[in-house]
file my_file06.txt (compact mmCIF, C-alpha atoms)
# COMPACT_ATOMS: atom_id res chain seq x y z
CA MET J 30 85.09 118.93 81.43
CA SER J 31 84.71 116.15 83.95
CA ASP J 32 81.27 117.50 84.90
CA TYR J 33 80.29 117.20 81.30
CA PHE J 34 81.25 113.53 81.18
CA GLU J 35 79.53 112.86 84.48
CA GLU J 36 76.37 114.47 83.19
CA LEU J 37 76.42 112.09 80.24
CA GLY J 38 77.13 109.12 82.49
CA HIS J 39 80.59 108.45 80.99
CA THR J 40 83.85 107.65 82.70
CA PRO J 41 86.26 109.31 80.30
CA THR J 42 89.23 107.06 81.10
CA GLY J 43 90.20 104.05 83.14
CA PRO J 44 90.87 104.07 86.88
CA GLU J 45 94.37 105.42 86.28
CA GLY J 46 92.91 108.54 84.76
CA ALA J 47 94.04 110.23 81.59
CA ASN J 48 97.59 108.88 81.94
CA ASP J 49 96.72 105.21 81.66
CA TYR J 50 98.52 104.87 78.35
CA GLU J 51 98.44 101.11 78.29
CA ARG J 52 94.68 101.10 78.52
CA HIS J 53 94.44 103.68 75.74
CA HIS J 54 96.74 101.62 73.59
CA ARG J 55 94.72 98.46 74.11
CA ARG J 56 91.52 100.31 73.47
CA LEU J 57 92.90 101.58 70.17
CA GLN J 58 93.80 98.00 69.25
CA VAL J 59 90.26 96.86 70.07
CA LEU J 60 88.76 99.66 67.99
CA ALA J 61 91.08 98.82 65.11
CA ILE J 62 90.03 95.17 65.16
CA MET J 63 86.35 96.12 65.36
CA ASN J 64 86.91 98.21 62.26
CA GLY J 65 88.27 95.29 60.32
CA ILE J 66 92.01 95.81 60.75
CA ASP J 67 93.72 92.46 61.19
CA ILE J 68 96.15 92.94 64.08
CA GLU J 69 97.23 90.78 66.95
CA ILE J 70 95.95 91.56 70.42
CA GLN J 71 97.06 89.97 73.65
CA VAL J 72 94.26 87.78 74.92
CA PRO J 73 93.66 87.93 78.67
CA GLU J 74 93.00 84.84 80.79
CA ALA J 75 89.48 83.72 81.62
CA SER J 76 87.96 85.40 84.66
CA LYS J 77 87.72 83.54 87.98
CA ARG J 78 83.97 84.03 87.87
CA ALA J 79 83.67 82.31 84.49
CA ILE J 80 85.84 79.42 85.66
CA ALA J 81 83.87 78.98 88.87
CA ALA J 82 80.65 78.85 86.85
CA LEU J 83 81.78 75.84 84.79
CA SER J 84 79.81 72.72 85.54
CA VAL J 85 81.54 69.51 86.58
CA HIS J 86 81.10 66.07 85.15
CA THR J 87 82.48 63.05 86.96
CA VAL J 88 82.95 60.10 84.65
CA LEU J 89 80.68 57.18 85.54
CA GLU J 90 81.24 53.53 84.81
CA SER J 91 78.50 53.52 82.16
CA GLU J 92 80.34 56.19 80.16
CA LEU J 93 83.57 54.25 79.81
CA GLY J 94 84.61 52.79 76.49
CA GLY J 95 82.85 55.55 74.56
CA ASP J 96 84.68 58.17 72.59
CA LEU J 97 84.88 60.59 75.50
CA GLU J 98 88.47 61.82 75.43
CA CYS J 99 90.13 64.90 76.83
CA ALA J 100 91.33 66.81 73.76
CA VAL J 101 94.12 68.48 75.74
CA CYS J 102 95.99 65.49 77.14
CA LYS J 103 94.44 63.06 74.58
CA GLU J 104 93.72 60.49 77.29
CA PRO J 105 90.48 58.50 77.08
CA ALA J 106 88.10 58.97 79.99
CA GLN J 107 88.69 56.84 83.06
CA LEU J 108 86.41 56.04 85.94
CA GLY J 109 86.25 58.92 88.41
CA ASP J 110 87.94 61.49 86.13
CA VAL J 111 86.65 64.98 86.74
CA TYR J 112 85.74 66.87 83.58
CA LYS J 113 84.76 70.53 83.33
CA ILE J 114 82.10 71.48 80.81
CA LEU J 115 82.50 74.79 78.98
CA PRO J 116 79.46 76.80 77.85
CA CYS J 117 80.01 75.45 74.30
CA LYS J 118 79.41 71.91 75.71
CA HIS J 119 82.99 70.78 75.08
CA GLU J 120 84.51 69.08 78.08
CA PHE J 121 88.07 68.52 79.27
CA HIS J 122 89.85 67.30 82.39
CA GLU J 123 89.61 69.90 85.09
CA GLU J 124 93.39 70.12 85.41
CA CYS J 125 93.94 70.35 81.66
CA VAL J 126 91.41 73.04 80.90
CA LEU J 127 92.28 75.17 83.93
CA LEU J 128 95.93 75.25 82.87
CA TRP J 129 94.86 76.43 79.44
CA LEU J 130 92.41 79.02 80.77
CA LYS J 131 95.28 80.63 82.66
CA LYS J 132 96.84 81.46 79.32
CA ALA J 133 93.78 82.12 77.21
CA ASN J 134 90.03 82.50 77.44
CA SER J 135 88.91 80.20 74.65
CA CYS J 136 87.74 76.62 74.23
CA PRO J 137 90.62 74.50 72.85
CA LEU J 138 88.25 72.88 70.37
CA CYS J 139 85.93 75.60 69.07
CA ARG J 140 87.52 78.81 70.41
CA TYR J 141 84.35 79.87 72.19
CA GLU J 142 85.50 82.78 74.35
CA LEU J 143 84.85 82.89 78.09
CA GLU J 144 84.42 86.08 80.07
CA THR J 145 87.61 87.90 81.13
CA ASP J 146 88.40 90.51 83.77
CA ASP J 147 89.75 92.91 81.19
CA ALA J 148 87.11 95.58 80.57
CA VAL J 149 88.78 96.74 77.36
CA TYR J 150 88.97 93.26 75.90
CA GLU J 151 85.40 92.49 76.95
CA GLU J 152 84.18 95.11 74.52
CA LEU J 153 85.82 93.21 71.67
CA ARG J 154 84.53 89.87 72.93
CA HIS J 155 80.93 91.10 73.08
CA TYR J 156 81.35 92.60 69.65
CA LYS J 157 82.61 89.29 68.25
CA GLN J 158 79.88 87.24 69.93
CA ASP J 159 77.28 89.60 68.52
CA GLU J 160 78.53 89.01 64.98
CA PRO J 161 75.69 86.67 63.80
CA ASN J 162 73.03 88.98 65.24
CA ARG J 163 74.68 91.94 63.62
CA ARG J 164 74.60 90.22 60.26
CA ASP J 165 70.93 89.34 60.77
CA ARG J 166 70.10 92.91 61.63
CA HIS J 167 71.96 94.09 58.57
CA ASP J 168 70.20 91.60 56.29
CA HIS J 169 66.87 92.51 57.82
CA LEU J 170 67.50 96.17 57.19
CA MET J 171 68.55 95.51 53.63
CA ASN J 172 65.52 93.33 52.97
CA SER J 173 63.16 95.90 54.42
CA MET J 174 64.52 98.46 52.00
CA PHE J 175 65.28 96.49 48.86
CA GLY J 176 63.90 93.00 49.46
CA MET Y 30 121.00 80.97 45.05
CA LEU Y 31 123.33 78.16 45.93
CA LYS Y 32 125.33 80.44 48.13
CA LEU Y 33 122.22 81.37 50.00
CA PHE Y 34 121.42 77.78 50.80
CA LYS Y 35 124.94 77.15 51.97
CA LYS Y 36 124.69 80.09 54.26
CA THR Y 37 121.52 78.84 55.91
CA LYS Y 38 123.07 75.42 56.21
CA ASP Y 39 126.02 76.82 58.10
CA LYS Y 40 123.75 78.78 60.34
CA ILE Y 41 121.83 75.85 61.64
CA PRO Y 42 124.33 74.44 64.13
CA LYS Y 43 124.93 77.94 65.41
CA SER Y 44 121.26 78.53 66.10
CA GLU Y 45 121.08 75.28 67.96
CA ILE Y 46 123.88 76.36 70.22
CA ILE Y 47 122.19 79.65 70.90
CA THR Y 48 118.85 78.14 71.75
CA GLU Y 49 120.57 75.52 73.90
CA PRO Y 50 120.18 77.39 77.23
CA LYS Y 51 116.46 76.70 76.99
CA GLU Y 52 117.13 72.99 77.37
CA PRO Y 53 118.23 72.71 80.99
CA LYS Y 54 114.85 74.10 82.02
CA THR Y 55 113.18 70.89 80.92
CA PRO Y 56 113.99 68.13 83.39
CA PRO Y 57 117.10 66.27 82.28
CA VAL Y 58 115.33 62.95 82.57
CA SER Y 59 113.21 63.78 79.55
CA LYS Y 60 116.28 63.54 77.34
CA CYS Y 61 116.24 59.78 77.36
CA GLY Y 62 112.59 59.77 76.43
CA LYS Y 63 111.43 57.50 79.25
CA PRO Y 64 108.15 58.16 81.02
CA LEU Y 65 108.67 60.53 83.91
CA GLN Y 66 107.46 60.31 87.47
CA LEU Y 67 107.21 64.09 87.69
CA ASP Y 68 103.94 65.92 87.70
CA ASN Y 69 104.34 66.77 84.04
CA SER Y 70 104.19 63.07 83.21
CA ARG Y 71 100.79 63.60 81.65
CA TRP Y 72 102.31 65.93 79.05
CA GLU Y 73 105.28 63.67 78.42
CA ARG Y 74 102.78 60.91 77.87
CA ARG Y 75 100.87 62.98 75.37
CA LEU Y 76 104.06 63.69 73.43
CA HIS Y 77 104.88 59.97 73.43
CA LYS Y 78 101.43 59.11 72.24
CA GLU Y 79 101.66 61.61 69.42
CA LEU Y 80 105.01 60.19 68.40
CA MET Y 81 103.70 56.65 68.40
CA SER Y 82 100.66 57.48 66.31
CA LEU Y 83 102.82 59.53 63.95
CA ILE Y 84 105.12 56.56 63.41
CA LYS Y 85 102.26 54.06 63.13
CA GLU Y 86 99.77 56.07 61.06
CA PRO Y 87 101.59 59.05 59.64
CA PRO Y 88 99.68 61.65 57.64
CA PRO Y 89 100.30 61.21 53.88
CA GLY Y 90 103.82 62.16 52.82
CA VAL Y 91 105.17 62.53 56.36
CA THR Y 92 107.83 60.36 57.96
CA VAL Y 93 109.52 60.73 61.33
CA ASP Y 94 113.29 60.76 61.64
CA THR Y 95 113.23 58.29 64.52
CA GLU Y 96 116.96 58.61 65.13
CA SER Y 97 116.67 62.31 65.99
CA VAL Y 98 113.74 61.66 68.31
CA GLN Y 99 115.50 58.90 70.19
CA GLN Y 100 118.25 61.30 71.12
CA ASN Y 101 115.93 63.98 72.36
CA LEU Y 102 112.18 63.77 72.80
CA SER Y 103 111.79 67.53 72.74
CA GLU Y 104 113.16 67.93 69.22
CA TRP Y 105 111.69 66.02 66.33
CA LYS Y 106 112.79 66.00 62.74
CA LEU Y 107 110.08 65.13 60.24
CA ASN Y 108 110.41 64.57 56.53
CA ILE Y 109 107.61 65.89 54.38
CA LYS Y 110 107.11 65.21 50.69
CA GLY Y 111 105.72 67.61 48.13
CA PHE Y 112 102.44 66.13 46.93
CA GLU Y 113 101.89 64.97 43.39
CA GLY Y 114 100.10 67.47 41.24
CA THR Y 115 101.37 70.45 43.25
CA LEU Y 116 104.24 72.84 42.58
CA TYR Y 117 106.39 70.90 45.05
CA GLU Y 118 105.97 67.49 43.45
CA GLY Y 119 109.11 65.37 43.85
CA GLU Y 120 110.69 67.63 46.45
CA ASP Y 121 111.57 66.57 49.99
CA PHE Y 122 111.60 68.94 52.91
CA GLN Y 123 112.62 68.60 56.51
CA LEU Y 124 110.72 70.11 59.42
CA LEU Y 125 112.09 70.65 62.90
CA PHE Y 126 109.62 70.62 65.80
CA LYS Y 127 110.85 71.92 69.15
CA PHE Y 128 108.70 71.40 72.22
CA ASN Y 129 109.25 73.23 75.46
CA ASN Y 130 108.10 71.90 78.82
CA LYS Y 131 104.81 73.79 78.56
CA TYR Y 132 103.64 71.85 75.53
CA PRO Y 133 100.71 71.49 74.70
CA PHE Y 134 99.86 74.82 76.29
CA ASP Y 135 102.69 76.51 74.39
CA SER Y 136 102.82 75.89 70.69
CA PRO Y 137 105.77 73.93 69.28
CA GLU Y 138 108.45 75.89 67.48
CA VAL Y 139 108.29 74.70 63.87
CA THR Y 140 110.79 75.56 61.13
CA PHE Y 141 111.97 74.12 57.86
CA ILE Y 142 115.58 72.95 58.06
CA GLY Y 143 118.15 71.38 55.77
CA ASN Y 144 119.24 72.60 52.38
CA ASN Y 145 115.86 72.49 50.68
CA ILE Y 146 113.59 75.18 52.12
CA PRO Y 147 110.38 75.37 50.09
CA VAL Y 148 110.01 78.52 48.03
CA HIS Y 149 106.60 79.65 49.21
CA PRO Y 150 105.02 83.06 49.95
CA HIS Y 151 104.71 82.12 53.65
CA VAL Y 152 108.09 80.47 54.15
CA TYR Y 153 111.20 82.58 54.68
CA SER Y 154 114.53 81.43 53.33
CA ASN Y 155 115.78 80.78 56.89
CA GLY Y 156 112.99 78.23 57.34
CA HIS Y 157 110.60 80.33 59.43
CA ILE Y 158 106.93 79.73 58.61
CA CYS Y 159 104.19 82.31 58.81
CA LEU Y 160 101.26 80.20 59.97
CA SER Y 161 98.79 81.50 62.53
CA ILE Y 162 98.24 78.19 64.35
CA LEU Y 163 101.93 78.21 65.29
CA THR Y 164 101.52 81.35 67.39
CA GLU Y 165 98.36 83.22 68.26
CA ASP Y 166 95.85 80.67 66.99
CA TRP Y 167 97.46 77.72 68.74
CA SER Y 168 95.18 75.57 70.85
CA PRO Y 169 96.15 72.59 73.03
CA ALA Y 170 93.68 70.45 71.09
CA LEU Y 171 95.96 70.76 68.05
CA SER Y 172 98.79 68.29 67.59
CA VAL Y 173 101.90 67.59 65.57
CA GLN Y 174 99.68 65.78 63.12
CA SER Y 175 97.36 68.75 62.62
CA VAL Y 176 100.34 71.10 62.23
CA CYS Y 177 101.77 68.78 59.56
CA LEU Y 178 98.44 68.73 57.75
CA SER Y 179 98.25 72.53 57.84
CA ILE Y 180 101.74 72.87 56.45
CA ALA Y 181 101.05 70.26 53.77
CA SER Y 182 97.88 72.04 52.72
CA MET Y 183 99.68 75.38 52.78
CA LEU Y 184 102.26 73.99 50.36
CA SER Y 185 99.69 72.22 48.20
CA SER Y 186 97.49 75.25 47.68
CA CYS Y 187 100.38 77.41 46.50
CA ARG Y 188 100.00 78.66 42.93
CA GLU Y 189 103.26 80.50 42.46
CA LYS Y 190 106.67 79.67 43.87
CA LYS Y 191 108.03 82.84 45.41
CA ARG Y 192 109.46 84.05 48.70
CA PRO Y 193 107.56 86.45 50.97
CA PRO Y 194 107.99 90.05 49.78
CA ASP Y 195 109.94 91.07 52.91
CA ASN Y 196 112.19 88.01 52.90
CA ALA Y 197 115.58 89.74 52.66
CA LEU Y 198 114.90 92.16 55.49
CA TYR Y 199 113.21 89.59 57.71
CA VAL Y 200 115.99 87.03 57.41
CA LYS Y 201 118.54 89.66 58.37
CA THR Y 202 116.68 91.07 61.35
CA CYS Y 203 114.55 88.28 62.82
CA ASN Y 204 114.95 86.49 66.13
CA LYS Y 205 116.22 82.91 65.99
CA ASN Y 206 112.93 81.79 67.42
CA PRO Y 207 110.06 82.31 64.96
CA LYS Y 208 107.62 82.49 67.87
CA LYS Y 209 109.21 85.80 68.86
CA THR Y 210 108.13 87.32 65.56
CA LYS Y 211 104.98 89.40 65.49
CA TRP Y 212 103.47 87.95 62.37
CA TRP Y 213 100.95 89.67 60.22
CA TYR Y 214 98.72 87.10 58.66
CA HIS Y 215 97.66 88.94 55.57
CA ASP Y 216 96.83 86.35 53.00
CA ASP Y 217 94.59 83.40 53.81
CA SER Y 218 94.28 82.16 50.25
CA VAL Y 219 97.62 80.37 50.05

call {"tool": "encode", "arguments": {"input": "my_file06.txt", "output": "structure tokens"}}
result
Amino acid sequence: MSDYFEELGHTPTGPEGANDYERHHRRLQVLAIMNGIDIEIQVPEASKRAIAALSVHTVLESELGGDLECAVCKEPAQLGDVYKILPCKHEFHEECVLLWLKKANSCPLCRYELETDDAVYEELRHYKQDEPNRRDRHDHLMNSMFG
Amino acid sequence: MLKLFKKTKDKIPKSEIITEPKEPKTPPVSKCGKPLQLDNSRWERRLHKELMSLIKEPPPGVTVDTESVQQNLSEWKLNIKGFEGTLYEGEDFQLLFKFNNKYPFDSPEVTFIGNNIPVHPHVYSNGHICLSILTEDWSPALSVQSVCLSIASMLSSCREKKRPPDNALYVKTCNKNPKKTKWWYHDDSV
């Protein structure tokens, strides 16, 4: 059987092999959510790679007095504060956002999801981020047939 | 019905005693509500700021029970009015917010207390609220104010006063802390 999977280029199960029940359970949850079942899934923390890739913004004197405010600690920007910029362009104090990204993988303001180290969850994340494209493809297909 | 309310009323002090052991974890200094010199001062400051803005510019229909807050900064009692033109017009409710020392990274524990618990499809008769931003959809950018607004809009958009279908079973079997409940958020329309 394993030859068969190898031939097709599949790894049938996770590194723990067929007995990695937790992985199977999580994968079932992911599949359920992708099929429209509304269940809760534990969200993993953001990956170290994604955090390291965040760009840094040090607050300059010219930027003071604006409406730049860290949405996590609700403090207005002060000279020399170090802000991290997420891919969605929202920015927060380095300390604030890193504490949050240890618990979750999403932007506190818009819930944009950062990459995680959890291969099972990543499948769901890619699926969710592909949502607008998927809808476009669907509309396109419908239009080409009935439009 | 009256009996039921009395029962929940009696239960409240008990639940406070049971959840008490959580308290010592937060530094004892925070009890007096003064700014702390500890490294969580930033979060204490945020809580203070929220309190101040809630007292100064409260969202419509919301007032803070300042006496309760003075005793303990990590537990706030808020009064919330049923809006005019909704099913809850003329009613007054009381909300209890409990913050642990990980706030705002952990969501506050929010329940209805007192002897008037709104009859609503997402509010259990023990005061627990089924609202996704209080558990899995919490984000540190949310605040007491935004939670109040969500609850107010949840009440206002209600079209029929009734308890959740599984109320009796839930109230009997649930944990004291609503955050321990695995909620199913089935109905977004109310």

call {"tool": "interface_residues", "arguments": {"input": "my_file06.txt", "of": "chain J", "to": "chain Y", "cutoff": "7 Å", "atoms": "all atoms listed in the file", "output": "JSON list (two decimals) with C-alpha atoms, in the coordinates of the input"}}
result
[["chain", "number", "residue", "atom", "x", "y", "z"],
["J", 68, "ILE", "CA", 96.15, 92.94, 64.08],
["J", 100, "ALA", "CA", 91.33, 66.81, 73.76],
["J", 101, "VAL", "CA", 94.12, 68.48, 75.74],
["J", 102, "CYS", "CA", 95.99, 65.49, 77.14],
["J", 103, "LYS", "CA", 94.44, 63.06, 74.58],
["J", 129, "TRP", "CA", 94.86, 76.43, 79.44],
["J", 137, "PRO", "CA", 90.62, 74.50, 72.85],
["J", 138, "LEU", "CA", 88.25, 72.88, 70.37]]

call {"tool": "closest_residue", "arguments": {"input": "my_file06.txt", "among": "Y:Met81, Y:Leu107, Y:Val200, Y:Ile146", "to": "Val93 of chain Y", "atoms": "only C-alpha atoms"}}
result
Y:Leu107

call {"tool": "atom_distance", "arguments": {"input": "my_file06.txt", "atom1": "atom CA of Tyr156 of chain J", "atom2": "atom CA of Ala133 of chain J"}}
result
17.9 Å

call {"tool": "residues_around", "arguments": {"input": "my_file06.txt", "residues": "Lys132 of chain J", "least_positions_apart": "3", "cutoff": "10 Å", "atoms": "all atoms listed in the file", "output": "VMD selection string"}}
result
(chain J and resid 72 to 75 127 to 129 135) or (chain Y and resid 134 to 135)

call {"tool": "atom_distance", "arguments": {"input": "my_file06.txt", "atom1": "atom CA of Asn134 of chain J", "atom2": "atom CA of Arg52 of chain J"}}
result
19.2 Å

call {"tool": "atom_distance", "arguments": {"input": "my_file06.txt", "atom1": "atom CA of Asn144 of chain Y", "atom2": "atom CA of Asp94 of chain Y"}}
result
16.2 Å

call {"tool": "residues_around", "arguments": {"input": "my_file06.txt", "residues": "Tyr117 of chain Y", "least_positions_apart": "6", "cutoff": "12 Å", "atoms": "all atoms listed in the file", "output": "count of residues only"}}
result
19

call {"tool": "residues_around", "arguments": {"input": "my_file06.txt", "residues": "Asn206 of chain Y", "least_positions_apart": "3", "cutoff": "8 Å", "atoms": "only C-alpha atoms", "output": "compact mmCIF listing (two decimals) with C-alpha atoms, keeping the file's coordinate frame"}}
result
# COMPACT_ATOMS: atom_id res chain seq x y z
CA GLU Y 138 108.45 75.89 67.48
CA LYS Y 209 109.21 85.80 68.86
CA THR Y 210 108.13 87.32 65.56

call {"tool": "residues_around", "arguments": {"input": "my_file06.txt", "residues": "Glu152 of chain J", "least_positions_apart": "2", "cutoff": "10 Å", "atoms": "all atoms listed in the file", "output": "PyMOL selection string"}}
result
chain J and resi 56+59-60+63+147-150+154-157
